[in-house]
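> Enclosed is the structure file protein.txt (compact mmCIF, C-alpha atoms).
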```
# COMPACT_ATOMS: atom_id res chain seq x y z
CA MET A 20 37.29 -96.79 -36.80
CA ASP A 21 36.00 -94.45 -34.09
CA VAL A 22 32.91 -92.35 -34.51
CA THR A 23 34.82 -89.14 -34.98
CA SER A 24 36.89 -90.58 -37.78
CA LEU A 25 33.77 -92.01 -39.32
CA LEU A 26 32.01 -88.68 -39.25
CA ALA A 27 35.04 -86.93 -40.65
CA LEU A 28 34.80 -89.03 -43.75
CA ALA A 29 34.76 -86.15 -46.05
CA LEU A 30 31.88 -85.09 -48.12
CA ALA A 31 30.06 -84.01 -45.06
CA ALA A 32 29.45 -87.33 -43.44
CA ALA A 33 28.54 -88.96 -46.69
CA VAL A 34 29.09 -92.41 -45.31
CA VAL A 35 27.23 -92.18 -42.03
CA PHE A 36 24.50 -90.03 -43.47
CA LYS A 37 24.47 -91.65 -46.88
CA GLY A 38 21.32 -90.20 -48.28
CA ALA A 39 20.23 -86.74 -49.23
CA LEU A 40 23.19 -85.03 -47.65
CA GLY A 41 25.69 -87.37 -49.22
CA LYS A 42 24.27 -86.74 -52.63
CA GLU A 43 23.89 -83.03 -52.07
CA ALA A 44 27.40 -82.78 -50.67
CA LEU A 45 28.86 -84.52 -53.70
CA ARG A 46 26.70 -82.35 -55.92
CA ALA A 47 27.95 -79.24 -54.15
CA LEU A 48 31.53 -80.33 -54.77
CA TYR A 49 30.66 -81.12 -58.39
CA ASP A 50 29.12 -77.67 -58.82
CA GLU A 51 32.18 -76.16 -57.20
CA CYS A 52 34.86 -77.77 -59.30
CA GLY A 53 33.25 -79.94 -62.00
CA ALA A 54 34.03 -77.36 -64.68
CA LYS A 55 37.64 -77.12 -63.54
CA VAL A 56 38.04 -80.89 -63.52
CA MET A 57 36.42 -81.15 -66.95
CA ALA A 58 38.62 -78.40 -68.39
CA LEU A 59 41.78 -80.01 -67.08
CA ALA A 60 40.85 -83.46 -68.35
CA LEU A 61 39.88 -82.03 -71.72
CA ARG A 62 43.15 -80.14 -71.97
CA ILE A 63 45.17 -83.25 -71.20
CA LEU A 64 43.19 -85.68 -73.35
CA ARG A 65 41.82 -83.34 -76.05
CA ASP A 66 38.80 -85.59 -76.34
CA ARG A 67 35.49 -84.53 -74.84
CA ALA A 68 34.05 -88.02 -74.38
CA GLU A 69 37.20 -89.23 -72.63
CA ALA A 70 37.34 -86.08 -70.52
CA GLU A 71 33.75 -86.63 -69.39
CA ASP A 72 34.65 -90.19 -68.46
CA VAL A 73 37.46 -88.79 -66.33
CA VAL A 74 35.03 -86.40 -64.62
CA GLN A 75 32.77 -89.33 -63.78
CA GLU A 76 35.65 -91.46 -62.53
CA THR A 77 36.98 -88.58 -60.45
CA PHE A 78 33.78 -87.84 -58.56
CA LEU A 79 32.97 -91.51 -58.12
CA GLU A 80 36.44 -92.05 -56.70
CA LEU A 81 35.95 -89.15 -54.27
CA TRP A 82 32.64 -90.67 -53.26
CA ARG A 83 34.00 -94.18 -52.81
CA ARG A 84 37.18 -93.08 -51.07
CA ALA A 85 35.48 -90.46 -48.93
CA GLU A 86 36.67 -92.18 -45.80
CA THR A 87 40.29 -91.60 -46.76
CA TYR A 88 39.84 -87.84 -47.05
CA ASP A 89 41.82 -85.86 -44.52
CA ALA A 90 41.37 -82.08 -44.50
CA LYS A 91 44.91 -81.73 -43.20
CA ARG A 92 46.23 -83.09 -46.48
CA GLY A 93 44.46 -80.56 -48.64
CA THR A 94 41.12 -79.11 -49.62
CA LEU A 95 38.41 -81.14 -51.31
CA PRO A 96 38.66 -79.20 -54.60
CA ALA A 97 42.42 -79.73 -54.60
CA TRP A 98 41.85 -83.44 -54.05
CA ALA A 99 39.41 -83.50 -56.97
CA VAL A 100 41.88 -81.80 -59.29
CA VAL A 101 44.79 -84.03 -58.27
CA VAL A 102 42.70 -87.17 -58.79
CA ALA A 103 41.36 -85.94 -62.14
CA ARG A 104 44.80 -85.06 -63.42
CA SER A 105 46.13 -88.43 -62.39
CA ARG A 106 43.28 -90.27 -64.14
CA ALA A 107 43.62 -88.19 -67.29
CA ILE A 108 47.37 -88.74 -67.48
CA ASP A 109 46.88 -92.48 -66.92
CA ARG A 110 44.59 -92.52 -69.95
CA LEU A 111 46.99 -90.42 -71.96
CA ARG A 112 49.83 -92.78 -71.16
CA VAL A 113 47.80 -95.78 -72.26
CA ARG A 114 46.79 -94.03 -75.44
CA LEU A 115 50.30 -92.97 -76.31
CA SER A 116 52.25 -95.90 -74.94
CA GLY A 117 55.06 -96.92 -77.20
CA ALA A 118 54.38 -94.30 -79.79
CA ARG A 119 54.35 -91.16 -77.70
CA MET A 120 57.96 -90.15 -78.06
CA LYS A 121 57.75 -90.51 -81.83
CA GLU A 122 54.49 -88.70 -82.10
CA VAL A 123 54.66 -85.09 -83.12
CA GLN A 124 52.86 -83.24 -80.38
CA ARG A 125 51.20 -79.98 -80.98
CA ARG A 126 53.43 -77.43 -79.40
CA GLU A 127 50.84 -74.84 -78.71
CA ALA A 128 51.12 -72.96 -75.47
CA LEU A 129 49.79 -75.63 -73.13
CA PHE A 130 49.04 -73.26 -70.30
CA SER A 131 46.80 -71.34 -72.63
CA GLU A 132 47.64 -67.73 -73.19
CA VAL A 133 50.12 -66.85 -70.51
CA HIS A 134 49.01 -63.25 -70.50
CA PRO A 135 45.87 -62.98 -68.39
CA PRO A 136 42.85 -62.15 -70.52
CA THR A 137 41.02 -59.08 -69.37
CA ASP A 138 37.94 -61.07 -68.47
CA ALA A 139 39.80 -63.70 -66.44
CA GLY A 140 38.60 -64.26 -62.91
CA GLU A 141 40.88 -63.10 -60.16
CA ARG A 142 42.08 -66.59 -59.34
CA ARG A 143 42.77 -67.48 -62.93
CA ALA A 144 44.51 -64.16 -63.48
CA LYS A 145 46.81 -64.87 -60.55
CA VAL A 146 47.74 -68.28 -61.88
CA LEU A 147 48.32 -67.01 -65.40
CA SER A 148 50.34 -64.11 -64.08
CA ALA A 149 52.52 -66.47 -62.02
CA LEU A 150 53.07 -68.63 -65.09
CA ALA A 151 53.78 -65.65 -67.30
CA ASP A 152 56.51 -64.52 -64.92
CA LEU A 153 58.41 -67.79 -65.27
CA PRO A 154 61.26 -67.95 -67.78
CA ARG A 155 59.95 -69.61 -70.94
CA GLU A 156 62.13 -72.73 -70.52
CA GLN A 157 60.89 -73.29 -66.97
CA ARG A 158 57.27 -72.78 -67.98
CA GLU A 159 57.56 -75.23 -70.87
CA ALA A 160 59.16 -77.85 -68.65
CA VAL A 161 56.30 -77.58 -66.14
CA GLU A 162 53.74 -77.66 -68.95
CA LEU A 163 55.13 -80.91 -70.27
CA ALA A 164 54.94 -82.45 -66.82
CA TYR A 165 51.54 -81.01 -65.96
CA PHE A 166 49.58 -81.67 -69.13
CA GLU A 167 51.46 -84.60 -70.63
CA GLY A 168 52.62 -86.32 -67.49
CA LEU A 169 56.24 -86.39 -68.61
CA THR A 170 59.01 -87.15 -66.15
CA HIS A 171 62.35 -85.37 -65.96
CA SER A 172 63.98 -87.84 -68.36
CA GLU A 173 61.11 -87.64 -70.81
CA ILE A 174 61.13 -83.86 -70.74
CA ALA A 175 64.88 -83.84 -71.31
CA ALA A 176 64.46 -86.19 -74.27
CA ARG A 177 61.66 -84.08 -75.69
CA THR A 178 63.45 -80.76 -75.36
CA GLY A 179 66.97 -82.01 -76.04
CA GLU A 180 68.23 -80.39 -72.85
CA PRO A 181 70.53 -82.14 -70.33
CA LEU A 182 68.73 -84.04 -67.59
CA GLY A 183 70.31 -81.94 -64.82
CA THR A 184 69.20 -78.73 -66.49
CA THR A 185 65.67 -80.08 -66.82
CA LYS A 186 65.51 -81.09 -63.17
CA THR A 187 66.66 -77.65 -62.09
CA ARG A 188 64.12 -75.93 -64.34
CA VAL A 189 61.20 -77.94 -63.05
CA ARG A 190 62.21 -77.55 -59.43
CA LEU A 191 62.77 -73.81 -59.67
CA ALA A 192 59.52 -73.33 -61.55
CA MET A 193 57.52 -75.25 -58.97
CA GLN A 194 59.15 -73.36 -56.11
CA LYS A 195 58.26 -70.04 -57.70
CA LEU A 196 54.71 -71.14 -58.45
CA GLN A 197 54.26 -72.42 -54.93
CA ASP A 198 55.43 -69.10 -53.52
CA ARG A 199 53.13 -67.14 -55.80
CA LEU A 200 50.06 -69.32 -55.44
CA ALA A 201 50.22 -70.12 -51.74
CA GLY A 202 46.79 -69.98 -50.20
CA LEU A 203 44.94 -69.70 -53.50
CA GLU A 204 43.16 -73.06 -53.25
CA GLU A 205 42.41 -72.70 -49.57
CA ALA A 206 40.96 -69.26 -50.12
CA ALA A 207 38.71 -70.72 -52.78
CA SER A 208 37.41 -73.50 -50.61
CA MET B 12 66.44 -89.40 -48.28
CA THR B 13 66.14 -86.85 -45.48
CA CYS B 14 63.10 -84.72 -44.71
CA GLU B 15 64.97 -81.70 -45.99
CA GLU B 16 65.70 -83.46 -49.28
CA PHE B 17 62.09 -84.53 -49.56
CA ARG B 18 60.76 -81.04 -48.89
CA GLU B 19 63.01 -79.80 -51.69
CA VAL B 20 61.37 -82.06 -54.28
CA ALA B 21 57.88 -82.40 -52.79
CA SER B 22 56.24 -80.21 -55.41
CA VAL B 23 57.97 -82.08 -58.25
CA TYR B 24 56.92 -85.37 -56.64
CA VAL B 25 53.26 -84.28 -56.58
CA LEU B 26 53.60 -82.92 -60.10
CA GLY B 27 54.61 -86.45 -61.11
CA ALA B 28 57.78 -85.34 -62.88
CA LEU B 29 60.22 -87.44 -60.87
CA ASP B 30 61.77 -90.39 -62.64
CA PRO B 31 60.92 -93.81 -61.15
CA ASP B 32 64.02 -94.09 -58.94
CA ASP B 33 63.54 -90.65 -57.41
CA ARG B 34 59.84 -91.26 -57.01
CA GLU B 35 60.44 -94.53 -55.21
CA ALA B 36 62.94 -92.80 -52.92
CA CYS B 37 60.27 -90.24 -52.00
CA GLU B 38 57.68 -92.92 -51.36
CA ALA B 39 60.11 -94.90 -49.24
CA HIS B 40 60.84 -91.77 -47.22
CA LEU B 41 57.15 -91.03 -46.70
CA ALA B 42 56.56 -94.61 -45.60
CA GLU B 43 59.25 -94.40 -42.96
CA VAL B 44 57.90 -94.74 -39.46
CA SER B 45 60.12 -92.02 -38.05
CA SER B 46 58.44 -88.70 -37.47
CA HIS B 47 58.75 -86.26 -40.33
CA ARG B 48 59.91 -82.68 -40.18
CA GLY B 49 57.66 -80.67 -42.41
CA CYS B 50 57.06 -83.36 -45.03
CA GLU B 51 53.28 -83.41 -44.62
CA GLU B 52 53.10 -79.64 -44.79
CA ALA B 53 55.26 -79.67 -47.90
CA LEU B 54 52.98 -82.27 -49.48
CA ARG B 55 49.89 -80.25 -48.70
CA ALA B 56 51.39 -77.08 -50.15
CA ALA B 57 52.48 -79.00 -53.25
CA ARG B 58 49.00 -80.46 -53.77
CA GLU B 59 47.46 -77.02 -53.45
CA THR B 60 49.91 -75.62 -56.01
CA VAL B 61 49.29 -78.44 -58.48
CA ALA B 62 45.54 -77.98 -58.03
CA ALA B 63 45.79 -74.21 -58.44
CA LEU B 64 47.53 -74.63 -61.79
CA ALA B 65 44.32 -76.09 -63.17
CA GLU B 66 42.94 -72.55 -62.99
CA ALA B 67 45.11 -71.72 -65.99
CA VAL B 68 42.64 -73.58 -68.18
CA PRO B 69 39.27 -71.88 -68.69
CA GLY B 70 36.48 -73.89 -67.08
CA VAL B 71 34.41 -76.20 -69.26
CA ARG B 72 31.07 -77.26 -67.88
CA PRO B 73 30.54 -81.01 -68.41
CA ASP B 74 27.44 -82.16 -70.24
CA ARG B 75 24.39 -82.61 -68.00
CA SER B 76 24.49 -86.33 -68.67
CA VAL B 77 27.78 -86.56 -66.72
CA TRP B 78 26.18 -85.79 -63.37
CA ARG B 79 23.32 -88.12 -64.24
CA ALA B 80 25.83 -90.92 -64.88
CA ILE B 81 27.59 -90.18 -61.58
CA GLU B 82 24.25 -90.36 -59.78
CA ILE B 83 23.46 -93.72 -61.30
CA ARG B 84 26.89 -95.21 -60.67
CA ALA B 85 26.97 -93.88 -57.10
CA GLY B 86 23.57 -95.38 -56.45
CA PHE B 87 21.81 -92.05 -56.04
CA ALA B 88 19.50 -92.44 -58.98
CA ALA B 89 16.95 -94.56 -57.16
CA ARG B 90 16.46 -91.68 -54.75
CA ALA B 91 16.08 -89.10 -57.49
CA ARG B 92 12.67 -87.50 -57.20
CA ARG B 93 11.97 -86.58 -60.76
CA PRO B 94 14.09 -86.42 -63.86
CA TRP B 95 14.04 -82.64 -63.91
CA THR B 96 15.78 -82.41 -60.58
CA VAL B 97 18.96 -83.80 -62.04
CA ALA B 98 18.66 -82.10 -65.39
CA PHE B 99 19.68 -78.68 -64.22
CA GLY B 100 23.04 -77.45 -63.11
CA SER B 101 21.82 -76.13 -59.78
CA ALA B 102 18.64 -75.65 -57.85
CA ALA B 103 18.84 -71.92 -58.45
CA ALA B 104 19.25 -72.40 -62.18
CA ALA B 105 16.44 -74.95 -62.10
CA ALA B 106 14.21 -72.45 -60.36
CA ALA B 107 14.94 -69.77 -62.93
CA VAL B 108 14.41 -72.03 -65.92
CA LEU B 109 11.35 -73.65 -64.47
CA PHE B 110 9.85 -70.33 -63.53
CA ALA B 111 10.32 -69.04 -67.07
CA ALA B 112 8.80 -72.20 -68.54
CA LEU B 113 5.87 -72.25 -66.18
CA TYR B 114 5.28 -68.55 -66.58
CA ALA B 115 5.09 -68.90 -70.35
CA ARG B 116 2.91 -71.95 -69.98
CA GLU B 117 0.62 -70.24 -67.54
CA ARG B 118 0.16 -67.27 -69.85
CA SER B 119 -0.68 -69.63 -72.64
CA GLU B 120 -3.15 -71.48 -70.48
CA LEU B 121 -4.70 -68.24 -69.44
CA ARG B 122 -5.43 -67.37 -73.05
CA VAL B 123 -7.05 -70.76 -73.53
CA SER B 124 -9.02 -70.27 -70.39
CA LEU B 125 -10.21 -66.88 -71.45
CA ALA B 126 -11.15 -68.33 -74.76
CA GLN B 127 -13.74 -70.35 -72.90
CA THR B 128 -13.13 -73.94 -71.98
CA THR B 129 -13.78 -75.02 -68.46
CA GLN B 130 -11.61 -78.02 -69.14
CA ALA B 131 -8.64 -75.73 -69.61
CA GLU B 132 -9.47 -73.97 -66.37
CA ARG B 133 -9.43 -77.26 -64.55
CA GLN B 134 -6.14 -78.18 -66.19
CA ALA B 135 -4.66 -74.82 -65.23
CA GLU B 136 -5.60 -75.50 -61.62
CA VAL B 137 -3.86 -78.87 -61.76
CA ASP B 138 -0.80 -77.21 -63.28
CA ARG B 139 -0.75 -74.54 -60.61
CA GLU B 140 -0.79 -77.19 -57.93
CA ALA B 141 1.99 -79.03 -59.72
CA ARG B 142 3.92 -75.80 -60.00
CA ASP B 143 3.55 -75.07 -56.31
CA ALA B 144 4.74 -78.58 -55.50
CA LEU B 145 7.74 -78.18 -57.79
CA PHE B 146 8.69 -74.84 -56.29
CA GLY B 147 8.39 -76.38 -52.87
CA GLU B 148 10.84 -79.07 -53.87
CA ILE B 149 13.21 -76.55 -55.39
CA ARG B 150 13.19 -74.45 -52.25
CA SER B 151 13.84 -77.58 -50.26
CA LEU B 152 16.71 -78.58 -52.55
CA GLU B 153 18.18 -75.12 -52.26
CA ALA B 154 17.99 -75.34 -48.49
CA THR B 155 19.75 -78.71 -48.53
CA SER B 156 22.38 -77.45 -50.92
CA ILE B 157 23.08 -74.42 -48.75
CA ALA B 158 23.29 -76.64 -45.69
CA ALA B 159 25.62 -79.03 -47.46
CA ARG B 160 27.79 -76.14 -48.59
CA GLN B 161 27.95 -74.76 -45.07
CA ILE B 162 29.08 -78.11 -43.79
CA LEU B 163 31.51 -78.64 -46.66
CA ASP B 164 32.96 -75.18 -46.15
CA LEU B 165 33.56 -75.90 -42.52
CA LEU B 166 34.92 -79.40 -43.12
CA GLY B 167 37.33 -78.06 -45.73
CA ASP B 168 38.93 -75.85 -43.11
CA PRO B 169 41.76 -77.67 -41.32
CA GLN B 170 40.84 -75.77 -38.16
CA SER B 171 37.46 -77.50 -38.05
CA ARG B 172 36.70 -80.57 -36.03
CA VAL B 173 33.82 -82.99 -36.01
CA VAL B 174 31.95 -83.59 -32.76
CA PRO B 175 29.67 -86.64 -32.80
CA LEU B 176 26.46 -86.29 -30.82
CA ALA B 177 25.38 -89.52 -29.16
CA SER B 178 21.80 -90.41 -28.48
CA THR B 179 20.58 -90.37 -24.92
CA ALA B 180 19.49 -93.68 -23.40
CA GLY B 181 16.95 -95.70 -25.31
CA ARG B 182 17.10 -93.70 -28.50
CA THR B 183 18.82 -94.33 -31.79
CA HIS B 184 19.27 -90.80 -33.13
CA ARG B 185 22.57 -89.66 -34.54
CA ALA B 186 23.94 -86.23 -35.26
CA ALA B 187 27.22 -84.44 -35.69
CA ALA B 188 28.52 -80.95 -35.19
CA VAL B 189 31.25 -79.43 -37.31
CA LEU B 190 32.96 -76.87 -35.09
CA ASN B 191 35.45 -74.20 -36.03
CA VAL B 192 36.45 -72.27 -32.93
CA VAL B 193 38.69 -69.92 -34.91
CA ALA B 194 35.86 -68.80 -37.16
CA HIS B 195 33.30 -69.02 -34.33
CA ARG B 196 31.14 -71.26 -36.45
CA ALA B 197 29.40 -74.56 -35.84
CA VAL B 198 26.80 -76.47 -37.80
CA ILE B 199 24.84 -79.36 -36.34
CA PHE B 200 23.07 -81.82 -38.59
CA SER B 201 21.21 -85.09 -38.43
CA SER B 202 19.48 -87.35 -40.90
CA THR B 203 17.73 -89.46 -38.25
CA LEU B 204 15.54 -86.79 -36.67
CA ALA B 205 12.13 -86.23 -38.24
CA PRO B 206 10.10 -83.03 -37.93
CA VAL B 207 7.51 -83.26 -35.17
CA PRO B 208 4.38 -81.12 -35.57
CA GLY B 209 4.14 -78.46 -32.87
CA LYS B 210 7.70 -79.17 -31.67
CA SER B 211 11.14 -77.73 -32.31
CA TYR B 212 14.56 -79.32 -32.16
CA GLU B 213 16.55 -76.83 -30.11
CA LEU B 214 20.35 -76.61 -29.98
CA TRP B 215 22.25 -76.03 -26.76
CA VAL B 216 25.76 -75.03 -25.86
CA LEU B 217 27.17 -76.27 -22.55
CA LYS B 218 30.06 -74.52 -20.83
CA GLY B 219 31.49 -75.41 -17.45
CA LYS B 220 28.91 -75.63 -14.71
CA GLY B 221 26.71 -72.97 -16.24
CA ALA B 222 23.19 -73.67 -17.39
CA PRO B 223 22.80 -74.86 -21.00
CA GLU B 224 22.51 -71.88 -23.32
CA PRO B 225 19.95 -71.97 -26.17
CA ALA B 226 21.93 -71.82 -29.42
CA GLY B 227 19.42 -72.10 -32.25
CA PHE B 228 17.23 -74.68 -33.92
CA LEU B 229 17.45 -77.51 -36.41
CA ALA B 230 15.43 -76.87 -39.51
CA GLY B 231 14.24 -79.49 -41.95
CA ALA B 232 15.58 -79.75 -45.45
CA SER B 233 14.86 -82.31 -48.14
CA GLY B 234 15.74 -85.96 -47.78
CA GLY B 235 15.06 -86.05 -44.05
CA LEU B 236 18.03 -83.86 -43.21
CA MET B 237 17.80 -81.53 -40.22
CA VAL B 238 20.46 -78.86 -39.96
CA GLY B 239 21.09 -75.76 -37.90
CA SER B 240 23.83 -73.23 -37.18
CA VAL B 241 24.93 -72.57 -33.63
CA ASP B 242 24.68 -68.98 -32.49
CA PRO B 243 28.21 -67.59 -33.17
CA ALA B 244 28.02 -65.42 -30.05
CA LEU B 245 28.19 -68.62 -28.00
CA LEU B 246 31.38 -69.75 -29.73
CA ALA B 247 33.67 -66.98 -28.53
CA SER B 248 35.16 -69.65 -26.28
CA VAL B 249 35.33 -73.39 -26.89
CA PRO B 250 32.16 -75.04 -25.57
CA ASP B 251 32.35 -78.19 -23.47
CA ALA B 252 29.48 -79.87 -25.26
CA PHE B 253 26.58 -79.50 -27.67
CA ALA B 254 23.12 -80.90 -27.15
CA VAL B 255 19.88 -81.21 -29.07
CA SER B 256 16.52 -81.36 -27.35
CA LEU B 257 12.91 -81.61 -28.37
CA GLU B 258 10.95 -78.59 -27.17
CA PRO B 259 7.57 -76.97 -27.68
CA GLU B 260 7.50 -74.98 -30.89
CA GLY B 261 9.63 -71.86 -30.51
CA GLY B 262 11.94 -73.37 -27.91
CA SER B 263 12.34 -73.34 -24.15
CA PRO B 264 14.53 -71.38 -21.74
CA SER B 265 16.09 -74.65 -20.61
CA PRO B 266 16.11 -78.11 -22.23
CA THR B 267 13.27 -80.43 -21.27
CA GLN B 268 13.72 -83.51 -23.44
CA VAL B 269 17.37 -83.98 -24.38
CA LEU B 270 17.88 -86.31 -27.32
CA LEU B 271 21.53 -85.95 -28.23
CA VAL B 272 24.70 -84.84 -26.51
CA GLY B 273 28.20 -84.47 -27.86
CA LYS B 274 31.24 -83.61 -25.82
CA VAL B 275 33.84 -81.37 -27.43
CA ALA B 276 37.22 -82.99 -27.00
CA GLY B 277 39.77 -80.81 -25.27
```
If you took the structure in this file and wrote it as structure tokens, what would it be?

Amino acid sequence: MDVTSLLALALAAAVVFKGALGKEALRALYDECGAKVMALALRILRDRAEAEDVVQETFLELWRRAETYDAKRGTLPAWAVVVARSRAIDRLRVRLSGARMKEVQRREALFSEVHPPTDAGERRAKVLSALADLPREQREAVELAYFEGLTHSEIAARTGEPLGTTKTRVRLAMQKLQDRLAGLEEAAS
Amino acid sequence: MTCEEFREVASVYVLGALDPDDREACEAHLAEVSSHRGCEEALRAARETVAALAEAVPGVRPDRSVWRAIEIRAGFAARARRPWTVAFGSAAAAAAVLFAALYARERSELRVSLAQTTQAERQAEVDREARDALFGEIRSLEATSIAARQILDLLGDPQSRVVPLASTAGRTHRAAAVLNVVAHRAVIFSSTLAPVPGKSYELWVLKGKGAPEPAGFLAGASGGLMVGSVDPALLASVPDAFAVSLEPEGGSPSPTQVLLVGKVAG
């Protein structure tokens, strides 16, 4: 690995300069998006202790895999959220394996209240507004994928809708969300 | 699967909603050696969208013990100065809480002191010294945190690039510059340079055959980190190189003892 690649190892040269800066850089990232990661893990797992474990695993994974970070592939906060969601869904799958499809899930609005609360931050308001503008069926399909990690087939089985219809709903929803939320993460980082 | 087909489902792929066969088809496509047409961009946009959706959930601050556990597991804990430094959410919050606590304590000690005991006066002096030391550490932590944020901010921008600065002959110093020519920003940092009494580490920008232009100074933060921002006025055009030199305190009009040089790749 050349020096430039080495220095680009994310987290502000955490590997080469492993010391105060590495720690402070990870801490800065934790301060930046620890609450978001925790909230997401908690929403997926609905268990505070497990969610906190996911937060730990997420930031340790970022630290240990710092050398694989490539800014061209996304921002650091986005990386943190994607890793956290993946870890939380892995745990959820283990917890529910075999019994999940039989289990009666709480069908509360998974994306929280879809109408932006008056005190929501601007970023959150934008996301909630984008979600609120989706047709209910599309929003629910994305919710099931996002918070429960369900695939097309599993969503179709859960909702009783044809597989083709489910695929279309998820794809259209994600296209609309991508159009509405473009640049939101980058602006934040 | 074609690039066009992949781009169509990229966001669903990142969402994790594809069934195994479709997912494997996407992964096989991404692993193909042939050059892609927009697949990486589609993946990046999809990741940003999936990450942005997390905003829909109100933030929940993890318990303080979570960061402590991360520190221990990452091997930071041995370097932790004092337990209180990791007990607070941020250096600023720590400063506020500590100030309130010390202020209350100091008032209390003052009453004791006024009530007569010289012992209490001595203790108050010790506490004041301890307080000053703590505030010094907090200020230092804040400085490091700000520096780290500056560097993180720049690194998070795809337009930024990292320029390694190599040590001149016979030395073992290391440093790096994070340069963003679009934003006219650059930060240079090193963890191998130590403050030298009566001396300054001066930054230089080199362009063409012109004389090196003084661009600022490295300042010390906690943990042995030295960091400094390059004068933005010198970044209106892409520099050819950065350098760091050791100069008399306050700097020199031209570098006298160059320690590090880093060439900016074309």
> Rounded to one decimal place, report the CA of Ser105 in chain A-CA of Val189 in chain A distance in Å.
18.4 Å
> Provide the CA of Gly70 in chain B to CA of Val74 in chain A distance in Å, to one decimal place.
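Computing the Euclidean distance for CA of Gly70 in chain B and CA of Val74 in chain A yields 12.8 Å.
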> When you draw a straight line from CA of Ala56 in chain B to CA of Arg72 in chain B, how long is it in Å?
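It comes out at 27.0 Å.
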> Could you check which of B:Phe17, B:Met12, B:Arg48, B:Ala67 is closest to chain A, using only C-alpha atoms?
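Residue with the minimum atom-to-atom distance to chain A: B:Ala67.
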> Give the padded box for range 161-167 of chain A as AutoDock Vina command-line options: axis-aligned, covering all atoms listed in the file, 6 Å on each side, centre and edge lengths in Å to one decimal.

```
--center_x 52.9 --center_y -81.1 --center_z -68.3 --size_x 18.7 --size_y 19.0 --size_z 16.7
```
> I want to know what sits within 9 Å of Tyr165 in chain A, based on all atoms listed in the file, with residues of the same chain fewer than 3 positions away left out; could you give that as a list in words?
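The neighbour list is Ile63, Arg104, Ile108, Ala160, Val161, Glu162, Gly168 and Leu169 of chain A; Leu26, Gly27, Ala28, Val61 and Leu64 of chain B.
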> Which polymer residues have any atom within 12 Å of an atom of Ile81 in chain B, counting all atoms listed in the file, with same-chain residues fewer than 6 positions away left out, as a ChimeraX atom specification?
/A:42,45-46,49,53,71-83 /B:73-75,87-88,97
> Determine, counting all atoms listed in the file, which protein, DNA and RNA residues have an atom within 10 Å of an atom of Asp198 in chain A; residues of the same chain fewer than 5 positions away are not included. Present the result as a list in words.
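Selected residues are Ala149, Ala192 and Met193 of chain A; Ala56 and Thr60 of chain B.
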> What would range 50-61 of chain B look like with N, CA and C atoms restored, written as a PDB file, keeping the file's coordinate frame?

```
ATOM      1  N   CYS B  50      57.375 -82.687 -43.770  1.00  0.00           N
ATOM      2  CA  CYS B  50      57.060 -83.360 -45.030  1.00  0.00           C
ATOM      3  C   CYS B  50      55.568 -83.272 -45.368  1.00  0.00           C
ATOM      4  N   GLU B  51      54.717 -83.460 -44.355  1.00  0.00           N
ATOM      5  CA  GLU B  51      53.280 -83.410 -44.620  1.00  0.00           C
ATOM      6  C   GLU B  51      52.854 -82.017 -45.056  1.00  0.00           C
ATOM      7  N   GLU B  52      53.424 -81.020 -44.412  1.00  0.00           N
ATOM      8  CA  GLU B  52      53.100 -79.640 -44.790  1.00  0.00           C
ATOM      9  C   GLU B  52      53.565 -79.360 -46.219  1.00  0.00           C
ATOM     10  N   ALA B  53      54.742 -79.877 -46.545  1.00  0.00           N
ATOM     11  CA  ALA B  53      55.260 -79.670 -47.900  1.00  0.00           C
ATOM     12  C   ALA B  53      54.366 -80.360 -48.927  1.00  0.00           C
ATOM     13  N   LEU B  54      53.867 -81.546 -48.564  1.00  0.00           N
ATOM     14  CA  LEU B  54      52.980 -82.270 -49.480  1.00  0.00           C
ATOM     15  C   LEU B  54      51.679 -81.504 -49.693  1.00  0.00           C
ATOM     16  N   ARG B  55      51.140 -80.996 -48.593  1.00  0.00           N
ATOM     17  CA  ARG B  55      49.890 -80.250 -48.700  1.00  0.00           C
ATOM     18  C   ARG B  55      50.068 -79.023 -49.586  1.00  0.00           C
ATOM     19  N   ALA B  56      51.146 -78.288 -49.349  1.00  0.00           N
ATOM     20  CA  ALA B  56      51.390 -77.080 -50.150  1.00  0.00           C
ATOM     21  C   ALA B  56      51.578 -77.445 -51.618  1.00  0.00           C
ATOM     22  N   ALA B  57      52.254 -78.578 -51.860  1.00  0.00           N
ATOM     23  CA  ALA B  57      52.480 -79.000 -53.250  1.00  0.00           C
ATOM     24  C   ALA B  57      51.168 -79.373 -53.926  1.00  0.00           C
ATOM     25  N   ARG B  58      50.307 -80.081 -53.189  1.00  0.00           N
ATOM     26  CA  ARG B  58      49.000 -80.460 -53.770  1.00  0.00           C
ATOM     27  C   ARG B  58      48.191 -79.213 -54.103  1.00  0.00           C
ATOM     28  N   GLU B  59      48.223 -78.240 -53.208  1.00  0.00           N
ATOM     29  CA  GLU B  59      47.460 -77.020 -53.450  1.00  0.00           C
ATOM     30  C   GLU B  59      48.002 -76.286 -54.677  1.00  0.00           C
ATOM     31  N   THR B  60      49.317 -76.292 -54.846  1.00  0.00           N
ATOM     32  CA  THR B  60      49.910 -75.620 -56.010  1.00  0.00           C
ATOM     33  C   THR B  60      49.517 -76.336 -57.297  1.00  0.00           C
ATOM     34  N   VAL B  61      49.638 -77.666 -57.280  1.00  0.00           N
ATOM     35  CA  VAL B  61      49.290 -78.440 -58.480  1.00  0.00           C
ATOM     36  C   VAL B  61      47.807 -78.244 -58.820  1.00  0.00           C
TER      37      VAL B  61
END
```
